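Chemist: Enclosed is the structure file start.cif (mmCIF, C-alpha atoms).
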```
data_target
loop_
_atom_site.label_atom_id
_atom_site.label_comp_id
_atom_site.auth_asym_id
_atom_site.auth_seq_id
_atom_site.Cartn_x
_atom_site.Cartn_y
_atom_site.Cartn_z
CA MET A 11 0.00 0.00 0.00
CA GLU A 12 1.70 3.17 -1.17
CA LEU A 13 0.72 6.25 0.79
CA PRO A 14 1.03 9.78 -0.59
CA SER A 15 2.67 11.22 2.54
CA LYS A 16 5.59 10.22 4.75
CA LEU A 17 3.86 11.52 7.89
CA LEU A 18 0.77 9.49 7.11
CA GLU A 19 2.89 6.44 6.35
CA ASN A 20 4.75 6.66 9.68
CA ALA A 21 1.50 6.97 11.61
CA VAL A 22 -0.03 4.02 9.73
CA ASN A 23 3.07 1.88 10.25
CA GLU A 24 3.18 2.54 13.99
CA MET A 25 -0.55 2.00 14.38
CA SER A 26 -0.45 -1.30 12.46
CA GLN A 27 2.06 -2.73 14.94
CA LEU A 28 -0.78 -3.07 17.43
CA PRO A 29 -2.20 -6.60 17.55
CA GLY A 30 -5.15 -7.23 15.22
CA ILE A 31 -4.72 -3.93 13.37
CA GLY A 32 -3.66 -4.24 9.75
CA LYS A 33 -2.53 -1.47 7.43
CA ARG A 34 -6.03 -0.77 6.12
CA THR A 35 -7.58 -0.49 9.57
CA ALA A 36 -4.63 1.65 10.69
CA LEU A 37 -5.23 4.01 7.76
CA ARG A 38 -8.92 4.26 8.63
CA LEU A 39 -8.10 5.10 12.27
CA VAL A 40 -5.46 7.63 11.33
CA LEU A 41 -7.71 9.38 8.80
CA HIS A 42 -10.40 9.50 11.48
CA LEU A 43 -7.98 11.34 13.79
CA LEU A 44 -7.21 13.80 10.98
CA LYS A 45 -10.91 14.63 10.62
CA GLN A 46 -11.41 15.16 14.35
CA PRO A 47 -10.23 18.25 16.27
CA VAL A 48 -6.54 18.27 17.24
CA ASP A 49 -7.60 17.79 20.88
CA GLN A 50 -8.53 14.18 20.28
CA THR A 51 -5.08 13.20 18.98
CA GLN A 52 -3.44 15.17 21.79
CA GLY A 53 -5.62 13.43 24.36
CA LEU A 54 -4.80 10.02 22.94
CA THR A 55 -1.05 10.53 22.72
CA ALA A 56 -0.85 12.15 26.17
CA ALA A 57 -2.88 9.35 27.78
CA LEU A 58 -0.77 6.63 26.13
CA ALA A 59 2.53 8.30 27.00
CA SER A 60 1.70 8.96 30.65
CA MET A 61 0.27 5.46 31.05
CA ARG A 62 3.40 3.85 29.59
CA ASN A 63 5.76 5.98 31.65
CA ASP A 64 4.00 6.22 35.00
CA ILE A 65 2.00 3.04 35.42
CA GLN A 66 2.65 1.21 38.69
CA TYR A 67 2.30 -2.39 39.71
CA CYS A 68 1.20 -3.72 43.10
CA LYS A 69 4.28 -4.87 45.06
CA GLU A 70 2.36 -7.86 46.40
CA CYS A 71 0.50 -9.33 43.43
CA HIS A 72 2.03 -7.41 40.48
CA THR A 73 -1.31 -6.29 39.07
CA ILE A 74 -1.62 -2.80 37.60
CA SER A 75 -2.41 -0.34 40.37
CA ASP A 76 -2.24 3.36 41.14
CA SER A 77 -0.62 2.70 44.51
CA ASP A 78 2.17 0.53 45.91
CA ILE A 79 -0.32 -2.03 47.17
CA CYS A 80 -3.47 -2.63 45.13
CA GLY A 81 -7.00 -2.39 46.47
CA ILE A 82 -7.39 -6.16 46.68
CA CYS A 83 -4.11 -6.84 48.52
CA SER A 84 -4.75 -4.01 50.97
CA ASN A 85 -8.32 -5.19 51.70
CA LEU A 86 -8.25 -6.74 55.18
CA SER A 87 -11.26 -8.94 54.50
CA ARG A 88 -9.48 -10.89 51.72
CA ASP A 89 -7.82 -14.17 52.65
CA LYS A 90 -4.16 -13.70 51.79
CA THR A 91 -3.35 -17.38 52.21
CA ILE A 92 -5.39 -18.33 49.12
CA ILE A 93 -3.64 -17.17 45.96
CA CYS A 94 -5.14 -17.32 42.47
CA VAL A 95 -2.43 -17.35 39.78
CA VAL A 96 -3.46 -15.47 36.62
CA GLU A 97 -1.85 -14.12 33.49
CA ASP A 98 -2.80 -10.45 33.51
CA VAL A 99 -5.07 -7.75 34.89
CA ARG A 100 -7.92 -8.75 32.58
CA ASP A 101 -8.14 -12.12 34.34
CA VAL A 102 -8.22 -10.36 37.73
CA MET A 103 -11.09 -8.18 36.49
CA ALA A 104 -12.97 -11.20 35.10
CA ILE A 105 -12.72 -13.17 38.35
CA GLU A 106 -13.54 -10.11 40.49
CA ASN A 107 -16.70 -9.64 38.41
CA THR A 108 -17.98 -13.06 39.56
CA GLY A 109 -17.81 -11.96 43.20
CA MET A 110 -17.01 -15.61 44.05
CA PHE A 111 -13.36 -15.30 45.13
CA LYS A 112 -12.29 -13.96 48.50
CA GLY A 113 -8.56 -14.70 48.28
CA VAL A 114 -5.88 -12.64 46.54
CA TYR A 115 -4.20 -12.82 43.14
CA HIS A 116 -0.71 -13.28 41.75
CA VAL A 117 -0.31 -11.78 38.27
CA LEU A 118 2.46 -13.51 36.31
CA GLY A 119 2.46 -10.99 33.46
CA GLY A 120 2.36 -13.67 30.76
CA LYS A 121 2.90 -17.36 30.13
CA ILE A 122 6.06 -19.32 29.37
CA SER A 123 6.25 -19.35 25.57
CA PRO A 124 9.49 -20.37 23.83
CA ILE A 125 7.98 -19.33 20.47
CA GLU A 126 7.49 -15.75 21.66
CA GLY A 127 10.79 -15.85 23.54
CA ILE A 128 9.19 -15.60 26.98
CA GLY A 129 11.06 -17.62 29.60
CA PRO A 130 10.28 -18.13 33.32
CA SER A 131 12.67 -15.34 34.31
CA GLN A 132 10.53 -12.74 32.52
CA LEU A 133 7.49 -13.72 34.58
CA LYS A 134 6.77 -12.99 38.24
CA ILE A 135 7.30 -16.60 39.31
CA ASN A 136 10.08 -16.19 41.89
CA SER A 137 8.06 -13.90 44.13
CA LEU A 138 5.25 -16.48 44.15
CA VAL A 139 7.64 -19.25 45.17
CA GLU A 140 9.00 -16.93 47.89
CA LYS A 141 5.52 -16.51 49.33
CA VAL A 142 5.15 -20.31 49.47
CA LYS A 143 8.58 -20.75 51.09
CA ASN A 144 7.61 -18.23 53.77
CA ASN A 145 4.66 -20.49 54.69
CA ALA A 146 2.31 -17.66 53.83
CA VAL A 147 0.12 -19.73 51.49
CA SER A 148 -2.48 -22.41 52.19
CA GLU A 149 -3.79 -22.88 48.64
CA ILE A 150 -2.71 -21.97 45.14
CA ILE A 151 -5.37 -21.91 42.42
CA PHE A 152 -3.99 -22.05 38.88
CA ALA A 153 -6.27 -20.02 36.61
CA LEU A 154 -4.14 -19.71 33.46
CA SER A 155 -5.78 -20.53 30.15
CA SER A 156 -5.54 -24.23 29.32
CA THR A 157 -3.28 -23.90 26.32
CA MET A 158 0.13 -25.47 25.79
CA GLU A 159 1.74 -22.33 27.25
CA GLY A 160 -0.63 -22.18 30.21
CA ASP A 161 -0.10 -25.85 31.08
CA THR A 162 3.68 -25.47 30.78
CA THR A 163 3.64 -22.48 33.10
CA ASN A 164 1.39 -24.26 35.62
CA PHE A 165 3.69 -27.27 35.63
CA TYR A 166 6.84 -25.17 35.95
CA ILE A 167 5.44 -23.46 39.04
CA TYR A 168 4.01 -26.69 40.45
CA LYS A 169 7.43 -28.40 40.32
CA GLN A 170 8.91 -25.68 42.52
CA ILE A 171 6.22 -25.71 45.19
CA LYS A 172 5.12 -29.37 45.31
CA ASP A 173 7.34 -30.22 48.31
CA PHE A 174 5.70 -27.61 50.54
CA THR A 175 2.53 -28.27 52.53
CA LEU A 176 -0.21 -26.49 50.65
CA LYS A 177 -3.22 -27.28 48.50
CA THR A 178 -2.96 -26.73 44.76
CA SER A 179 -5.94 -26.66 42.41
CA THR A 180 -6.94 -25.52 38.95
CA ILE A 181 -10.23 -23.93 37.96
CA ALA A 182 -12.77 -26.44 36.59
CA ARG A 183 -12.94 -26.97 32.84
CA GLY A 184 -16.31 -28.05 31.53
CA ILE A 185 -19.36 -27.14 29.53
CA ALA A 186 -20.29 -23.48 29.98
CA VAL A 187 -23.55 -22.80 31.81
CA GLY A 188 -26.33 -22.64 29.21
CA ASP A 189 -24.30 -24.30 26.44
CA GLU A 190 -25.56 -27.23 24.34
CA LEU A 191 -23.55 -30.46 24.65
CA GLU A 192 -23.60 -31.11 20.91
CA TYR A 193 -21.55 -27.99 20.18
CA ALA A 194 -18.89 -28.61 22.85
CA ASP A 195 -15.45 -29.79 21.74
CA GLU A 196 -14.61 -33.34 22.78
CA VAL A 197 -11.71 -32.43 25.09
CA THR A 198 -13.87 -30.11 27.15
CA LEU A 199 -16.78 -32.57 27.20
CA GLY A 200 -14.40 -35.40 28.17
CA ARG A 201 -12.95 -33.36 31.02
CA SER A 202 -16.40 -32.38 32.25
CA LEU A 203 -17.24 -36.11 32.55
CA LEU A 204 -13.96 -37.02 34.27
CA ASN A 205 -14.36 -34.21 36.77
CA ARG A 206 -18.06 -34.67 37.40
CA ILE A 207 -19.35 -33.48 40.77
CA PRO A 208 -21.98 -34.98 43.10
CA PHE A 209 -25.47 -33.88 42.08
CA GLU A 210 -26.29 -32.79 45.64
CA ILE A 211 -23.42 -30.32 45.51
CA SER A 212 -24.35 -28.99 42.06
CA ILE A 213 -27.93 -28.13 43.05
CA LYS A 214 -26.69 -25.98 45.90
CA GLN A 215 -24.52 -23.83 43.60
CA MET B 11 -15.84 -2.11 33.05
CA GLU B 12 -14.05 -0.94 36.18
CA LEU B 13 -10.30 -0.63 35.77
CA PRO B 14 -7.84 -0.76 38.68
CA SER B 15 -5.84 2.29 37.58
CA LYS B 16 -6.69 5.82 36.50
CA LEU B 17 -3.80 5.93 34.01
CA LEU B 18 -4.99 2.70 32.41
CA GLU B 19 -8.56 3.98 32.36
CA ASN B 20 -7.59 7.22 30.60
CA ALA B 21 -5.62 5.34 27.98
CA VAL B 22 -8.48 2.88 27.39
CA ASN B 23 -11.06 5.68 27.17
CA GLU B 24 -9.01 7.64 24.63
CA MET B 25 -8.26 4.53 22.58
CA SER B 26 -11.90 3.46 22.52
CA GLN B 27 -12.92 6.74 20.89
CA LEU B 28 -11.40 5.46 17.66
CA PRO B 29 -14.02 4.01 15.29
CA GLY B 30 -14.62 0.28 15.64
CA ILE B 31 -12.60 -0.01 18.85
CA GLY B 32 -14.61 -0.87 21.95
CA LYS B 33 -13.43 -0.82 25.56
CA ARG B 34 -12.33 -4.45 25.54
CA THR B 35 -10.26 -4.10 22.37
CA ALA B 36 -8.82 -0.84 23.70
CA LEU B 37 -7.75 -2.60 26.89
CA ARG B 38 -6.10 -5.38 24.89
CA LEU B 39 -4.19 -2.85 22.77
CA VAL B 40 -3.11 -0.80 25.78
CA LEU B 41 -1.93 -3.88 27.72
CA HIS B 42 0.02 -4.91 24.63
CA LEU B 43 1.81 -1.56 24.66
CA LEU B 44 2.64 -2.06 28.35
CA LYS B 45 4.29 -5.39 27.59
CA GLN B 46 6.37 -3.97 24.73
CA PRO B 47 9.47 -1.79 25.18
CA VAL B 48 8.79 1.90 25.91
CA ASP B 49 10.13 2.71 22.42
CA GLN B 50 7.02 1.36 20.76
CA THR B 51 4.64 3.65 22.66
CA GLN B 52 6.98 6.58 22.07
CA GLY B 53 7.12 5.78 18.35
CA LEU B 54 3.35 5.57 18.13
CA THR B 55 2.61 8.77 20.03
CA ALA B 56 5.33 10.73 18.20
CA ALA B 57 4.10 9.55 14.78
CA LEU B 58 0.47 10.39 15.58
CA ALA B 59 1.32 13.80 17.02
CA SER B 60 3.58 14.89 14.17
CA MET B 61 1.10 13.61 11.59
CA ARG B 62 -1.79 15.50 13.17
CA ASN B 63 0.19 18.72 13.53
CA ASP B 64 2.22 18.81 10.35
CA ILE B 65 0.20 17.05 7.70
CA GLN B 66 -0.31 19.06 4.53
CA TYR B 67 -2.94 18.99 1.85
CA CYS B 68 -2.47 19.57 -1.87
CA LYS B 69 -3.60 23.11 -2.72
CA GLU B 70 -5.12 21.90 -6.00
CA CYS B 71 -7.00 18.72 -5.12
CA HIS B 72 -6.94 18.75 -1.27
CA THR B 73 -5.52 15.25 -0.97
CA ILE B 74 -2.97 14.50 1.75
CA SER B 75 0.48 15.37 0.46
CA ASP B 76 3.96 16.16 1.73
CA SER B 77 4.22 19.17 -0.58
CA ASP B 78 2.05 22.11 -1.62
CA ILE B 79 1.06 20.37 -4.83
CA CYS B 80 0.66 16.58 -4.76
CA GLY B 81 2.43 14.17 -7.08
CA ILE B 82 -0.67 13.67 -9.24
CA CYS B 83 -1.50 17.34 -9.70
CA SER B 84 2.13 18.19 -10.50
CA ASN B 85 2.41 15.36 -13.04
CA LEU B 86 2.41 17.00 -16.49
CA SER B 87 1.09 13.88 -18.21
CA ARG B 88 -2.19 13.95 -16.28
CA ASP B 89 -5.20 15.59 -17.94
CA LYS B 90 -6.18 18.40 -15.58
CA THR B 91 -9.46 19.06 -17.38
CA ILE B 92 -10.90 15.70 -16.23
CA ILE B 93 -11.65 15.78 -12.51
CA CYS B 94 -12.72 12.76 -10.47
CA VAL B 95 -14.59 13.81 -7.30
CA VAL B 96 -13.88 11.51 -4.35
CA GLU B 97 -14.40 11.50 -0.61
CA ASP B 98 -10.92 10.94 0.78
CA VAL B 99 -7.36 9.85 0.12
CA ARG B 100 -8.29 6.15 0.30
CA ASP B 101 -10.48 6.57 -2.79
CA VAL B 102 -7.60 8.28 -4.61
CA MET B 103 -5.34 5.34 -3.74
CA ALA B 104 -7.95 2.80 -4.85
CA ILE B 105 -8.48 4.47 -8.24
CA GLU B 106 -4.74 5.02 -8.75
CA ASN B 107 -4.22 1.28 -8.16
CA THR B 108 -6.38 0.50 -11.19
CA GLY B 109 -4.03 2.46 -13.45
CA MET B 110 -7.12 3.34 -15.57
CA PHE B 111 -7.49 7.05 -14.81
CA LYS B 112 -5.32 9.72 -16.36
CA GLY B 113 -7.15 12.80 -15.07
CA VAL B 114 -6.81 14.45 -11.67
CA TYR B 115 -8.82 14.24 -8.43
CA HIS B 116 -10.78 16.55 -6.20
CA VAL B 117 -10.94 15.33 -2.61
CA LEU B 118 -14.03 16.66 -0.80
CA GLY B 119 -12.95 15.46 2.64
CA GLY B 120 -16.32 13.85 3.41
CA LYS B 121 -19.94 13.74 2.33
CA ILE B 122 -22.87 15.98 3.22
CA SER B 123 -24.43 14.30 6.25
CA PRO B 124 -26.96 16.17 8.38
CA ILE B 125 -26.92 13.30 10.91
CA GLU B 126 -23.20 13.72 11.53
CA GLY B 127 -23.53 17.50 11.33
CA ILE B 128 -21.49 17.82 8.12
CA GLY B 129 -22.77 20.57 5.84
CA PRO B 130 -21.52 21.66 2.39
CA SER B 131 -19.40 24.43 3.93
CA GLN B 132 -17.20 21.89 5.72
CA LEU B 133 -16.36 20.18 2.44
CA LYS B 134 -14.09 21.37 -0.36
CA ILE B 135 -16.98 22.10 -2.72
CA ASN B 136 -16.41 25.79 -3.42
CA SER B 137 -12.95 25.30 -4.88
CA LEU B 138 -14.37 22.67 -7.25
CA VAL B 139 -17.09 25.04 -8.44
CA GLU B 140 -14.40 27.72 -8.89
CA LYS B 141 -12.44 25.42 -11.21
CA VAL B 142 -15.60 24.90 -13.29
CA LYS B 143 -16.35 28.63 -13.41
CA ASN B 144 -12.83 29.28 -14.67
CA ASN B 145 -13.56 27.00 -17.64
CA ALA B 146 -10.73 24.73 -16.55
CA VAL B 147 -12.82 21.56 -16.59
CA SER B 148 -14.11 19.42 -19.46
CA GLU B 149 -15.53 16.52 -17.44
CA ILE B 150 -16.43 15.83 -13.83
CA ILE B 151 -16.67 12.19 -12.75
CA PHE B 152 -18.58 11.66 -9.51
CA ALA B 153 -17.04 8.71 -7.63
CA LEU B 154 -18.63 9.07 -4.20
CA SER B 155 -20.15 5.97 -2.66
CA SER B 156 -23.76 5.49 -3.70
CA THR B 157 -25.33 6.04 -0.31
CA MET B 158 -27.90 8.64 0.68
CA GLU B 159 -25.05 10.97 1.72
CA GLY B 160 -23.06 10.35 -1.47
CA ASP B 161 -26.08 10.97 -3.71
CA THR B 162 -26.98 14.13 -1.80
CA THR B 163 -23.45 15.46 -2.19
CA ASN B 164 -23.35 14.59 -5.89
CA PHE B 165 -26.65 16.38 -6.45
CA TYR B 166 -25.62 19.44 -4.44
CA ILE B 167 -22.50 19.84 -6.57
CA TYR B 168 -24.36 19.04 -9.80
CA LYS B 169 -26.90 21.84 -9.17
CA GLN B 170 -24.09 24.38 -9.00
CA ILE B 171 -22.29 23.34 -12.16
CA LYS B 172 -25.09 22.17 -14.43
CA ASP B 173 -25.32 25.48 -16.32
CA PHE B 174 -21.70 25.36 -17.43
CA THR B 175 -20.56 23.52 -20.55
CA LEU B 176 -18.96 20.35 -19.35
CA LYS B 177 -19.60 16.64 -19.23
CA THR B 178 -20.66 15.07 -15.94
CA SER B 179 -20.65 11.34 -15.26
CA THR B 180 -20.70 8.89 -12.39
CA ILE B 181 -18.75 5.66 -12.18
CA ALA B 182 -20.72 2.60 -13.34
CA ARG B 183 -22.62 0.59 -10.74
CA GLY B 184 -23.07 -3.05 -11.58
CA ILE B 185 -22.16 -6.62 -10.80
CA ALA B 186 -18.52 -6.94 -9.73
CA VAL B 187 -16.25 -8.81 -12.13
CA GLY B 188 -16.29 -12.49 -11.12
CA ASP B 189 -19.45 -12.22 -8.98
CA GLU B 190 -22.43 -14.57 -9.28
CA LEU B 191 -25.72 -12.92 -10.31
CA GLU B 192 -27.75 -14.85 -7.74
CA TYR B 193 -25.92 -13.19 -4.83
CA ALA B 194 -26.21 -9.62 -6.15
CA ASP B 195 -28.70 -7.28 -4.49
CA GLU B 196 -31.64 -6.28 -6.69
CA VAL B 197 -30.79 -2.57 -6.89
CA THR B 198 -27.31 -3.27 -8.22
CA LEU B 199 -28.58 -5.95 -10.62
CA GLY B 200 -31.37 -3.61 -11.79
CA ARG B 201 -28.90 -0.80 -12.45
CA SER B 202 -26.55 -3.12 -14.31
CA LEU B 203 -29.43 -3.96 -16.69
CA LEU B 204 -30.52 -0.35 -17.15
CA ASN B 205 -26.96 0.76 -17.88
CA ARG B 206 -26.03 -2.18 -20.09
CA ILE B 207 -23.27 -1.52 -22.63
CA PRO B 208 -22.88 -2.75 -26.22
CA PHE B 209 -21.28 -6.21 -26.29
CA GLU B 210 -18.70 -5.05 -28.86
CA ILE B 211 -17.46 -2.46 -26.41
CA SER B 212 -17.37 -4.86 -23.45
CA ILE B 213 -15.16 -7.43 -25.22
CA LYS B 214 -12.55 -4.77 -25.89
CA GLN B 215 -12.19 -3.87 -22.19
#
```
Step by step, read the file and then write its structure as structure tokens.
Modeler:
Amino acid sequence: MELPSKLLENAVNEMSQLPGIGKRTALRLVLHLLKQPVDQTQGLTAALASMRNDIQYCKECHTISDSDICGICSNLSRDKTIICVVEDVRDVMAIENTGMFKGVYHVLGGKISPIEGIGPSQLKINSLVEKVKNNAVSEIIFALSSTMEGDTTNFYIYKQIKDFTLKTSTIARGIAVGDELEYADEVTLGRSLLNRIPFEISIKQ
Amino acid sequence: MELPSKLLENAVNEMSQLPGIGKRTALRLVLHLLKQPVDQTQGLTAALASMRNDIQYCKECHTISDSDICGICSNLSRDKTIICVVEDVRDVMAIENTGMFKGVYHVLGGKISPIEGIGPSQLKINSLVEKVKNNAVSEIIFALSSTMEGDTTNFYIYKQIKDFTLKTSTIARGIAVGDELEYADEVTLGRSLLNRIPFEISIKQ
């Protein structure tokens, strides 16, 4: 795609480095900014720059936070001995929305992925193992996505903590509530059979 | 969607003002930037800011250009008396890609749209009418999209130039090359019958 202006081309190239945004979409977005008042572009660039430069992470759980300790970790009514291991802040938000979890989180910041060049040292794994070593943890719940990378990461962490006295669990995989069996993939359906739960328990949920 | 950080929230809000980008997509894009080196965010914000502040438009045809007169308008082999009226630079690029047009363009910068609050005065219509008044034009080809807004804009311009001696035309609407008739909408199919062309001419194209 040959663009008639170097400035336009630079903007389109930078924009199209974002995931899921191709050159055509980038051009549409950039032309939209050109049609809008200058304020909008200034607002966007200022917000992105200050976010990238000044964002902070909770010292306890490594989630994005405006303070040293995030609202969840500083909440006295949360059970700090139950830690849910997740990939990023979106997972924290998703689980918080259920209102079903009263423990705290540990945000790894990604998953082990040799293809993307992400090794264990780039993730917040050591601080999690430290917490376990300090006997501060009674249960770890693995809530990473069940992909090759997620399973690898789970297993890597599990190997380092398995000799300590604590419960480990993973969130249940199964048929989503309201879904039809016939459309479920066989792995999920198989797991939902293997991990079936007593009917008396299910009707109380 | 409640975000755990004001900086993140600002960035997501600004990002989600772009067309076709909702809050969830905006969050994904912003978290991607956080994972990448600072350089990438700096590159993006710098490119957007300098584009918005320094972009220039061709004084002849109003397309985006790095110089006062764009490459097409300054090309001596283009026929300046044939003007193709388009909405924005993407249309110019699309027509240029065909290699079938040897005239020049006139970029309106939008279409008349009362719903979006865009009136004729916000578009580059006057300078087009000026060109016609100066007897500099032999043919005007309307190539706006055939929507309500496009047709309104075409008609608004046509009313102002119809008393001058020049040809006016619109690009042909019809079944796309390679398309099956059964999937065409009836308006397009109807127009392609009304505006049928002699077979002898079609086989030469």
Chemist: Find the residues of chain B in contact range of chain A, meaning any atom within 6 Å when counting only C-alpha atoms, and list them as a short mmCIF file (atom, residue, chain, number, x, y, z; two decimals) with C-alpha atoms, in the coordinates of the input.
Modeler:
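To be explicit, this is the file written out as iface_35.cif:
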```cif
data_model
loop_
_atom_site.label_atom_id
_atom_site.label_comp_id
_atom_site.auth_asym_id
_atom_site.auth_seq_id
_atom_site.Cartn_x
_atom_site.Cartn_y
_atom_site.Cartn_z
CA PRO B 14 -7.84 -0.76 38.68
CA SER B 15 -5.84 2.29 37.58
CA LEU B 17 -3.80 5.93 34.01
CA ASN B 20 -7.59 7.22 30.60
CA ALA B 21 -5.62 5.34 27.98
CA GLU B 24 -9.01 7.64 24.63
CA LEU B 54 3.35 5.57 18.13
CA THR B 55 2.61 8.77 20.03
CA ALA B 57 4.10 9.55 14.78
CA LEU B 58 0.47 10.39 15.58
CA MET B 61 1.10 13.61 11.59
CA SER B 75 0.48 15.37 0.46
CA ASP B 76 3.96 16.16 1.73
#
```
Chemist: Please write the residues picked by the PyMOL selection byres ((chain B and resi 87-95) around 6) on this file as a count of residues only.
Modeler: 16
Chemist: What is the distance, in Å and to one decimal place, between atom CA of B:Lys141 and atom CA of B:Ile171?
Modeler: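 Pair atom CA of B:Lys141 / atom CA of B:Ile171 returns 10.1 Å.
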Chemist: Do you have the atom CA of B:Ile185-atom CA of B:Ser156 distance handy?
Modeler: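 Answer for the atom CA of B:Ile185 to atom CA of B:Ser156 separation: 14.1 Å.
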